[in-house]
Amino acid sequence: MANILLTGASGRLGRVLTVELAKAGYGLGLSDIAPFPDTVPAGARFEQADVGDGAAMLRLAEGCAAIVHFGGISNEQPAEAVLHANLRGANNVFEAAKAVGARVVFASSNHAIGFWDRGVMLDEDCHQRPDGYYGLSKAYTELLGRMMFEKHGVESAHLRIGSCEIEPTQTRHLSTWLSYGDLVRLVRACLDTPTLGYEIVWGCSNNTRRWWRGASWARIGYSPEDDAERWADRVSPPTDDPITERYQGGSYPSDGYSRVTPGPKDVFPA
Ligand code: 15L
């Protein structure tokens, strides 16, 4: 099986991927700015490194067929912090991929499109509508991947992950949930498909109430098996915040929101 570099290995999703990709037989190089909290699987190696360190990323990517990039900041934070970890980090990962001839599987996020109204069915090529600096960093990396593919032939998949949790706990999750099992199926599909090209991919399960049409799923061979609907009678009810409840990004659009009059619903055609 191919050698893979996994950034963000010490994070919640990185730890899930570490176990499952090792079990599936991929050769794993693991990296994170934080120490790895679990036992490193047999045959894998871990090196503590900052994704903002380009030389380290290049060294770690040597001999890898793919970089699964889950490193960086994973929630809304001040712009300066996001710029270093997520923009500089993404540049370093893509430069390393270009240098060693690897493909990139990137943990993008629904927050790249978080200002779309709920209930609007979106395709992968809808307008990016980031709901904060974090979402903006994901939108940037999606565009970085496009440039890297068109200019240098670097293949990449940008997984617009919804809510990857053990189980859905909020009403919004009935639309946005990605089960751990489907996360692993999704990443493996991106690693195993013979030709990846450049793809934006919705990172959700086969939720009855999802807002995202997965046209790219068939191209990469991803078949989600789970559906959040099973939890419909157990999730917490909607909040009383109209901004949170209006937009797909949930609490992120509402974080620091200072617009006086609500934005019109039809700024962009879906
Ligand atoms: C994300 O991108 C975050 O990393 C995660 O912590 C959740 O907030 C998720 O989005 C979500 O929208 O539920």
# chains A, B, ... in the order shown; residues from 1 in each chain; ligands from 1
$ closest_atom_pairs --of "chain A" --to "ligand 1" --cutoff "10 Å" --atoms "only C-alpha atoms and all ligand atoms" --output "tab-separated table"
residue	atom	partner	partner_atom_place_in_ligand_line	distance
A:Arg12	CA	ligand 1	6 (O)	9.7
A:Leu13	CA	ligand 1	4 (O)	9.5
A:Phe70	CA	ligand 1	4 (O)	9.9
A:Ile73	CA	ligand 1	4 (O)	8.0
A:Ser74	CA	ligand 1	4 (O)	4.2
A:Asn75	CA	ligand 1	4 (O)	5.1
A:Glu76	CA	ligand 1	3 (C)	8.3
A:Ala107	CA	ligand 1	2 (O)	8.5
A:Ser108	CA	ligand 1	2 (O)	7.3
A:Ser109	CA	ligand 1	2 (O)	4.6
A:Asn110	CA	ligand 1	12 (O)	6.1
A:His111	CA	ligand 1	2 (O)	6.0
A:Ala112	CA	ligand 1	2 (O)	8.7
A:Gly114	CA	ligand 1	12 (O)	8.3
A:Tyr134	CA	ligand 1	2 (O)	8.1
A:Gly135	CA	ligand 1	2 (O)	7.7
A:Lys138	CA	ligand 1	2 (O)	9.0
A:Arg160	CA	ligand 1	2 (O)	8.2
A:Ile161	CA	ligand 1	2 (O)	6.5
A:Gly162	CA	ligand 1	12 (O)	5.3
A:Ser163	CA	ligand 1	13 (O)	3.8
A:Cys164	CA	ligand 1	9 (C)	6.8
A:Glu165	CA	ligand 1	13 (O)	8.3
A:Pro168	CA	ligand 1	13 (O)	9.7
A:Gln170	CA	ligand 1	13 (O)	9.3
A:Arg172	CA	ligand 1	13 (O)	8.1
A:His173	CA	ligand 1	13 (O)	7.1
A:Thr176	CA	ligand 1	13 (O)	7.0
A:Trp177	CA	ligand 1	13 (O)	7.7
A:Leu178	CA	ligand 1	13 (O)	9.4
A:Gln248	CA	ligand 1	12 (O)	8.2
A:Gly249	CA	ligand 1	12 (O)	5.7
A:Gly250	CA	ligand 1	12 (O)	6.6
A:Ser251	CA	ligand 1	12 (O)	8.0
A:Tyr252	CA	ligand 1	12 (O)	7.6
$ residues_around --residues "stretch 200-212 of chain A" --least-positions-apart "2" --cutoff "10 Å" --atoms "only C-alpha atoms" --output "PyMOL selection string"
chain A and resi 106-110+117-125+142+145-146+156-164+172-183+186-187+190+198+214-217+219-220+222-230+248
$ residues_around --residues "A:Gln77" --least-positions-apart "6" --cutoff "10 Å" --atoms "only C-alpha atoms" --output "number ranges by chain"
A: 83, 132-134
$ closest_residue --among "A:Gly71, A:Pro37, A:Gly221, A:Pro253" --to "A:Pro130" --atoms "only C-alpha atoms"
A:Pro253
$ residues_around --residues "A:Asn3" --least-positions-apart "4" --cutoff "8 Å" --atoms "only C-alpha atoms" --output "JSON, numbers by chain"
{"A": [26, 27, 28, 29, 63, 64, 65, 66]}
$ closest_residue --among "A:Ala97, A:Thr171, A:Ala81, A:Ala102" --to "A:Ser236" --atoms "only C-alpha atoms"
A:Thr171
$ closest_residue --among "A:Arg188, A:Ala139, A:Glu95, A:Pro237" --to "A:His152" --atoms "only C-alpha atoms"
A:Glu95
$ select_by_dssp --residues "stretch 17-255 of chain A" --states "alpha helix (DSSP H)" --output "MDAnalysis selection string"
chainID A and resid 17:24 54:61 79:82 89:100 133:152 173:176 180:192 215:220 242:246 251:254
$ closest_residue --among "A:Ala22, A:Leu191, A:Ile243, A:Ala56" --to "A:Thr261" --atoms "only C-alpha atoms"
A:Ile243
